[in-house]
Amino acid sequence: MKTLFRTFATAALLAGSAMLAHAQQITEIKIGTEGAYPPFNNLNSKGELEGFEIDYVNALCAKMKVKCTWVAQDWDGIIPALLAKKYDVIAAGMNATDERKKRVDFTTVYSRTPISFIAGKSVTSTDISPAALKGKNIGAQGSTIHANYLEKYYKDSNIKLYPTQEEANLDLKNGRLDYVIADKLALNDFVTGQGKDCCKFVADIKRDPAIHGPGVAMAVRKEDTALRDMLSKAIDESIKDGTHKKAADKWFTITILAD
């Protein structure tokens, strides 16, 4: 029995050592992001990626002592491109939902913020119930938790889905939509900027765990467990040592890890 125990213990030790060695061999990571979801990630006028996730993940890469390069990818194809090995990680404001977990694995959550409806300034009611919004034109970015939420709860509304959040926002501004739903911090850039004269926040929704998941995390291929664990460890450390807060404070005025 002692010999059998030693055999299992030795095997476990070797497996753990092999995983650690593999993690230590990771010296370069390619990261996919949308580049169209400010202030999380965005392409600026120079065609350069900027935003909270860009700064934060770059800080994590420095912490892990690995070289990181970025790849911009349209949202609709962002998971297929990961699975096709165009890059190794997705950092793009992606919520770790059960549906997505069927295809990819997720790291520790690094952002969890309110989800809100916005509307034109002429709207006076804060009632965003499905009954109140029956027949209304509601916009969201396609292939997102927000689109899934509308399709589950707002079947009697006219749902319009867009390739990017910006397109939905602009249709609201131009009167082609009555409401838009998205992450509150992403909408805040629009409401306080390009849409400040037309649009306003109406109300936050109650998160549905089955649709929204625990929050935003990075996605990796299911077989890349060592990379997932290395990133999760760096995220956990960054939350404790202030690296996360430093990046968040640059881009946001409220906490992005709300309960």
# chains A, B, ... in the order shown; residues from 1 in each chain; ligands from 1
call {"tool": "select_by_dssp", "arguments": {"residues": "range 90-221 of chain A", "states": "helix (DSSP H, G or I)", "output": "ChimeraX atom specification"}}
result
/A:98-101,145-153,165-173,184-191,209-212
call {"tool": "write_last_selection", "arguments": {"atoms": "N, CA and C atoms", "output": "mmCIF file, in the first residue's frame"}}
result
data_model
loop_
_atom_site.group_PDB
_atom_site.id
_atom_site.type_symbol
_atom_site.label_atom_id
_atom_site.label_comp_id
_atom_site.auth_asym_id
_atom_site.auth_seq_id
_atom_site.Cartn_x
_atom_site.Cartn_y
_atom_site.Cartn_z
ATOM 1 N N ASP A 98 -22.128 30.627 -19.406
ATOM 2 C CA ASP A 98 -22.163 29.175 -19.529
ATOM 3 C C ASP A 98 -22.161 28.740 -20.991
ATOM 4 N N GLU A 99 -22.840 29.496 -21.841
ATOM 5 C CA GLU A 99 -22.890 29.152 -23.260
ATOM 6 C C GLU A 99 -21.496 29.220 -23.876
ATOM 7 N N ARG A 100 -20.739 30.257 -23.554
ATOM 8 C CA ARG A 100 -19.382 30.385 -24.105
ATOM 9 C C ARG A 100 -18.431 29.345 -23.512
ATOM 10 N N LYS A 101 -18.701 28.931 -22.290
ATOM 11 C CA LYS A 101 -17.842 27.921 -21.649
ATOM 12 C C LYS A 101 -17.927 26.569 -22.343
ATOM 13 N N ILE A 145 -24.179 39.187 -24.651
ATOM 14 C CA ILE A 145 -25.135 38.878 -23.581
ATOM 15 C C ILE A 145 -26.327 39.813 -23.648
ATOM 16 N N HIS A 146 -26.123 41.025 -24.148
ATOM 17 C CA HIS A 146 -27.215 42.003 -24.222
ATOM 18 C C HIS A 146 -28.238 41.584 -25.274
ATOM 19 N N ALA A 147 -27.746 41.066 -26.394
ATOM 20 C CA ALA A 147 -28.654 40.535 -27.417
ATOM 21 C C ALA A 147 -29.414 39.335 -26.863
ATOM 22 N N ASN A 148 -28.724 38.464 -26.149
ATOM 23 C CA ASN A 148 -29.377 37.285 -25.569
ATOM 24 C C ASN A 148 -30.442 37.678 -24.546
ATOM 25 N N TYR A 149 -30.154 38.715 -23.777
ATOM 26 C CA TYR A 149 -31.092 39.191 -22.762
ATOM 27 C C TYR A 149 -32.366 39.720 -23.424
ATOM 28 N N LEU A 150 -32.195 40.511 -24.482
ATOM 29 C CA LEU A 150 -33.365 41.038 -25.197
ATOM 30 C C LEU A 150 -34.185 39.902 -25.807
ATOM 31 N N GLU A 151 -33.514 38.942 -26.394
ATOM 32 C CA GLU A 151 -34.220 37.856 -27.062
ATOM 33 C C GLU A 151 -34.975 36.972 -26.065
ATOM 34 N N LYS A 152 -34.507 36.928 -24.830
ATOM 35 C CA LYS A 152 -35.187 36.127 -23.810
ATOM 36 C C LYS A 152 -36.369 36.869 -23.206
ATOM 37 N N TYR A 153 -36.191 38.161 -22.913
ATOM 38 C CA TYR A 153 -37.196 38.876 -22.124
ATOM 39 C C TYR A 153 -38.043 39.881 -22.919
ATOM 40 N N GLN A 165 -21.113 48.177 -31.123
ATOM 41 C CA GLN A 165 -21.900 48.993 -30.204
ATOM 42 C C GLN A 165 -22.089 50.402 -30.741
ATOM 43 N N GLU A 166 -21.064 50.917 -31.400
ATOM 44 C CA GLU A 166 -21.131 52.284 -31.927
ATOM 45 C C GLU A 166 -22.287 52.440 -32.916
ATOM 46 N N GLU A 167 -22.523 51.435 -33.753
ATOM 47 C CA GLU A 167 -23.602 51.524 -34.729
ATOM 48 C C GLU A 167 -24.964 51.581 -34.047
ATOM 49 N N ALA A 168 -25.117 50.818 -32.968
ATOM 50 C CA ALA A 168 -26.377 50.867 -32.215
ATOM 51 C C ALA A 168 -26.561 52.243 -31.590
ATOM 52 N N ASN A 169 -25.501 52.764 -30.996
ATOM 53 C CA ASN A 169 -25.572 54.085 -30.367
ATOM 54 C C ASN A 169 -25.953 55.170 -31.376
ATOM 55 N N LEU A 170 -25.361 55.105 -32.555
ATOM 56 C CA LEU A 170 -25.634 56.126 -33.569
ATOM 57 C C LEU A 170 -27.065 56.037 -34.086
ATOM 58 N N ASP A 171 -27.615 54.824 -34.169
ATOM 59 C CA ASP A 171 -29.016 54.708 -34.593
ATOM 60 C C ASP A 171 -29.958 55.271 -33.528
ATOM 61 N N LEU A 172 -29.583 55.159 -32.260
ATOM 62 C CA LEU A 172 -30.371 55.803 -31.205
ATOM 63 C C LEU A 172 -30.289 57.319 -31.357
ATOM 64 N N LYS A 173 -29.096 57.807 -31.561
ATOM 65 C CA LYS A 173 -28.895 59.254 -31.724
ATOM 66 C C LYS A 173 -29.683 59.801 -32.908
ATOM 67 N N LYS A 184 -22.833 49.452 -18.787
ATOM 68 C CA LYS A 184 -23.004 50.856 -18.407
ATOM 69 C C LYS A 184 -21.760 51.695 -18.676
ATOM 70 N N LEU A 185 -20.596 51.118 -18.430
ATOM 71 C CA LEU A 185 -19.371 51.895 -18.622
ATOM 72 C C LEU A 185 -19.088 52.128 -20.103
ATOM 73 N N ALA A 186 -19.432 51.151 -20.921
ATOM 74 C CA ALA A 186 -19.266 51.355 -22.360
ATOM 75 C C ALA A 186 -20.234 52.415 -22.864
ATOM 76 N N LEU A 187 -21.463 52.426 -22.347
ATOM 77 C CA LEU A 187 -22.448 53.436 -22.750
ATOM 78 C C LEU A 187 -22.097 54.820 -22.228
ATOM 79 N N ASN A 188 -21.402 54.863 -21.093
ATOM 80 C CA ASN A 188 -21.092 56.156 -20.482
ATOM 81 C C ASN A 188 -20.258 57.035 -21.407
ATOM 82 N N ASP A 189 -19.325 56.429 -22.139
ATOM 83 C CA ASP A 189 -18.509 57.200 -23.089
ATOM 84 C C ASP A 189 -19.388 57.886 -24.126
ATOM 85 N N PHE A 190 -20.427 57.178 -24.587
ATOM 86 C CA PHE A 190 -21.327 57.743 -25.586
ATOM 87 C C PHE A 190 -22.220 58.821 -24.983
ATOM 88 N N VAL A 191 -22.822 58.527 -23.841
ATOM 89 C CA VAL A 191 -23.778 59.455 -23.218
ATOM 90 C C VAL A 191 -23.107 60.761 -22.802
ATOM 91 N N PRO A 209 -27.959 35.583 -13.991
ATOM 92 C CA PRO A 209 -26.748 34.756 -13.965
ATOM 93 C C PRO A 209 -26.652 33.781 -15.128
ATOM 94 N N ALA A 210 -27.788 33.251 -15.569
ATOM 95 C CA ALA A 210 -27.776 32.284 -16.664
ATOM 96 C C ALA A 210 -27.347 32.917 -17.982
ATOM 97 N N ILE A 211 -27.593 34.217 -18.140
ATOM 98 C CA ILE A 211 -27.233 34.923 -19.370
ATOM 99 C C ILE A 211 -25.926 35.685 -19.216
ATOM 100 N N HIS A 212 -25.772 36.380 -18.111
ATOM 101 C CA HIS A 212 -24.653 37.301 -17.959
ATOM 102 C C HIS A 212 -23.405 36.671 -17.361
#
call {"tool": "residues_around", "arguments": {"residues": "Val57 in chain A", "least_positions_apart": "5", "cutoff": "10 Å", "atoms": "only C-alpha atoms", "output": "number ranges by chain"}}
result
A: 31, 52, 62-63, 68, 91, 218, 231, 234-235, 244, 247
call {"tool": "closest_atom_pairs", "arguments": {"of": "range 182-251 of chain A", "to": "range 174-177 of chain A", "cutoff": "12 Å", "atoms": "only C-alpha atoms", "output": "tab-separated table"}}
result
residue	atom	partner	partner_atom	distance
A:Gln194	CA	A:Asn174	CA	11.6
A:Gly195	CA	A:Asn174	CA	9.9
A:Asp197	CA	A:Asn174	CA	11.5
A:Cys198	CA	A:Asn174	CA	8.8
A:Cys199	CA	A:Gly175	CA	10.2
call {"tool": "write_last_selection", "arguments": {"atoms": "N, CA, C and O atoms", "output": "PDB file, in the first residue's frame"}}
result
ATOM      1  N   GLN A 194     -20.395  61.790 -27.595  1.00  0.00           N
ATOM      2  CA  GLN A 194     -21.105  61.984 -28.857  1.00  0.00           C
ATOM      3  C   GLN A 194     -22.621  62.080 -28.682  1.00  0.00           C
ATOM      4  O   GLN A 194     -23.305  62.749 -29.451  1.00  0.00           O
ATOM      5  N   GLY A 195     -23.141  61.429 -27.639  1.00  0.00           N
ATOM      6  CA  GLY A 195     -24.586  61.434 -27.453  1.00  0.00           C
ATOM      7  C   GLY A 195     -25.077  62.337 -26.334  1.00  0.00           C
ATOM      8  O   GLY A 195     -26.230  62.224 -25.901  1.00  0.00           O
ATOM      9  N   ASP A 197     -26.040  65.364 -26.201  1.00  0.00           N
ATOM     10  CA  ASP A 197     -27.162  66.266 -26.495  1.00  0.00           C
ATOM     11  C   ASP A 197     -28.453  65.524 -26.803  1.00  0.00           C
ATOM     12  O   ASP A 197     -29.528  66.129 -26.855  1.00  0.00           O
ATOM     13  N   CYS A 198     -28.354  64.207 -27.015  1.00  0.00           N
ATOM     14  CA  CYS A 198     -29.549  63.472 -27.449  1.00  0.00           C
ATOM     15  C   CYS A 198     -30.027  62.422 -26.467  1.00  0.00           C
ATOM     16  O   CYS A 198     -31.229  62.125 -26.414  1.00  0.00           O
ATOM     17  N   CYS A 199     -29.114  61.887 -25.686  1.00  0.00           N
ATOM     18  CA  CYS A 199     -29.432  60.622 -25.028  1.00  0.00           C
ATOM     19  C   CYS A 199     -29.065  60.626 -23.547  1.00  0.00           C
ATOM     20  O   CYS A 199     -28.249  61.436 -23.099  1.00  0.00           O
TER      21      CYS A 199
END
call {"tool": "closest_residue", "arguments": {"among": "A:Lys65, A:Lys136, A:Arg221, A:Lys86", "to": "Thr33 in chain A", "atoms": "only C-alpha atoms"}}
result
A:Lys86
call {"tool": "select_by_dssp", "arguments": {"residues": "range 13-235 of chain A", "states": "strand (DSSP E)", "output": "count of residues only"}}
result
54
call {"tool": "closest_residue", "arguments": {"among": "A:Ala84, A:Ala248, A:Val220, A:Val202", "to": "Ile54 in chain A", "atoms": "only C-alpha atoms"}}
result
A:Ala248
call {"tool": "residues_around", "arguments": {"residues": "Val123 in chain A", "least_positions_apart": "3", "cutoff": "9 Å", "atoms": "only C-alpha atoms", "output": "list in words"}}
result
Ala119, Gly120, Thr126, Asp178, Lys200 and Val202 of chain A
call {"tool": "write_last_selection", "arguments": {"atoms": "N, CA, C and O atoms", "output": "JSON list (two decimals), in the first residue's frame"}}
result
[["chain", "number", "residue", "atom", "x", "y", "z"],
["A", 119, "ALA", "N", -31.77, 55.92, -23.62],
["A", 119, "ALA", "CA", -32.83, 56.33, -24.53],
["A", 119, "ALA", "C", -32.66, 57.80, -24.86],
["A", 119, "ALA", "O", -31.75, 58.47, -24.33],
["A", 120, "GLY", "N", -33.52, 58.32, -25.72],
["A", 120, "GLY", "CA", -33.51, 59.74, -26.03],
["A", 120, "GLY", "C", -33.93, 60.56, -24.82],
["A", 120, "GLY", "O", -34.65, 60.07, -23.94],
["A", 126, "THR", "N", -38.88, 55.72, -16.29],
["A", 126, "THR", "CA", -37.74, 54.84, -15.99],
["A", 126, "THR", "C", -38.18, 53.38, -15.99],
["A", 126, "THR", "O", -37.40, 52.50, -15.60],
["A", 178, "ASP", "N", -35.45, 53.38, -30.12],
["A", 178, "ASP", "CA", -36.01, 54.01, -28.92],
["A", 178, "ASP", "C", -35.11, 53.79, -27.71],
["A", 178, "ASP", "O", -35.02, 54.66, -26.83],
["A", 200, "LYS", "N", -29.66, 59.70, -22.81],
["A", 200, "LYS", "CA", -29.45, 59.65, -21.36],
["A", 200, "LYS", "C", -29.65, 58.22, -20.85],
["A", 200, "LYS", "O", -30.25, 57.38, -21.52],
["A", 202, "VAL", "N", -31.46, 55.51, -18.61],
["A", 202, "VAL", "CA", -32.83, 55.34, -18.13],
["A", 202, "VAL", "C", -32.83, 54.51, -16.84],
["A", 202, "VAL", "O", -33.36, 54.95, -15.82]]
call {"tool": "residues_around", "arguments": {"residues": "Thr243 in chain A", "least_positions_apart": "5", "cutoff": "8 Å", "atoms": "only C-alpha atoms", "output": "PDB file with all heavy atoms, in the first residue's frame"}}
result
ATOM      1  N   TYR A  56      -4.333  47.299 -19.002  1.00  0.00           N
ATOM      2  CA  TYR A  56      -4.339  46.302 -17.931  1.00  0.00           C
ATOM      3  C   TYR A  56      -3.621  45.021 -18.350  1.00  0.00           C
ATOM      4  O   TYR A  56      -2.766  44.503 -17.621  1.00  0.00           O
ATOM      5  CB  TYR A  56      -5.781  45.989 -17.528  1.00  0.00           C
ATOM      6  CG  TYR A  56      -5.898  44.936 -16.455  1.00  0.00           C
ATOM      7  CD1 TYR A  56      -5.215  45.058 -15.245  1.00  0.00           C
ATOM      8  CD2 TYR A  56      -6.694  43.808 -16.644  1.00  0.00           C
ATOM      9  CE1 TYR A  56      -5.312  44.086 -14.263  1.00  0.00           C
ATOM     10  CE2 TYR A  56      -6.810  42.841 -15.668  1.00  0.00           C
ATOM     11  CZ  TYR A  56      -6.118  42.979 -14.478  1.00  0.00           C
ATOM     12  OH  TYR A  56      -6.220  42.021 -13.509  1.00  0.00           O
ATOM     13  N   ALA A  59       0.018  45.416 -18.518  1.00  0.00           N
ATOM     14  CA  ALA A  59       0.600  45.386 -17.174  1.00  0.00           C
ATOM     15  C   ALA A  59       0.723  43.949 -16.665  1.00  0.00           C
ATOM     16  O   ALA A  59       1.709  43.590 -16.006  1.00  0.00           O
ATOM     17  CB  ALA A  59      -0.251  46.213 -16.213  1.00  0.00           C
ATOM     18  N   SER A 238      -2.814  41.042  -9.298  1.00  0.00           N
ATOM     19  CA  SER A 238      -2.976  42.449  -9.688  1.00  0.00           C
ATOM     20  C   SER A 238      -4.080  43.131  -8.889  1.00  0.00           C
ATOM     21  O   SER A 238      -4.007  44.337  -8.622  1.00  0.00           O
ATOM     22  CB  SER A 238      -3.281  42.547 -11.189  1.00  0.00           C
ATOM     23  OG  SER A 238      -4.630  42.193 -11.473  1.00  0.00           O
TER      24      SER A 238
END
call {"tool": "residues_around", "arguments": {"residues": "Lys246 in chain A", "least_positions_apart": "3", "cutoff": "12 Å", "atoms": "only C-alpha atoms", "output": "PyMOL selection string"}}
result
chain A and resi 52-53+55-56+59+238-243+249-253+255-256
call {"tool": "residues_around", "arguments": {"residues": "Tyr87 in chain A", "least_positions_apart": "4", "cutoff": "7 Å", "atoms": "only C-alpha atoms", "output": "list in words"}}
result
Lys30, Ile31, Gly32 and Leu82 of chain A
call {"tool": "atom_distance", "arguments": {"atom1": "CA of Ala219 in chain A", "atom2": "CA of Ser111 in chain A"}}
result
13.4 Å
call {"tool": "closest_residue", "arguments": {"among": "A:Glu28, A:Asp183, A:Glu34, A:Asp229", "to": "Asp88 in chain A", "atoms": "only C-alpha atoms"}}
result
A:Glu28
call {"tool": "atom_distance", "arguments": {"atom1": "CA of Tyr179 in chain A", "atom2": "CA of Lys134 in chain A"}}
result
11.6 Å
call {"tool": "atom_distance", "arguments": {"atom1": "CA of Leu257 in chain A", "atom2": "CA of Tyr110 in chain A"}}
result
6.8 Å
call {"tool": "closest_residue", "arguments": {"among": "A:Thr107, A:Thr124, A:Thr97, A:Thr113", "to": "Thr144 in chain A", "atoms": "only C-alpha atoms"}}
result
A:Thr97
call {"tool": "closest_residue", "arguments": {"among": "A:Arg228, A:Lys233, A:Lys160, A:Lys245", "to": "Asp105 in chain A", "atoms": "only C-alpha atoms"}}
result
A:Arg228
call {"tool": "closest_residue", "arguments": {"among": "A:Tyr154, A:Arg112, A:Ile254, A:Gln25", "to": "Gly213 in chain A", "atoms": "only C-alpha atoms"}}
result
A:Arg112
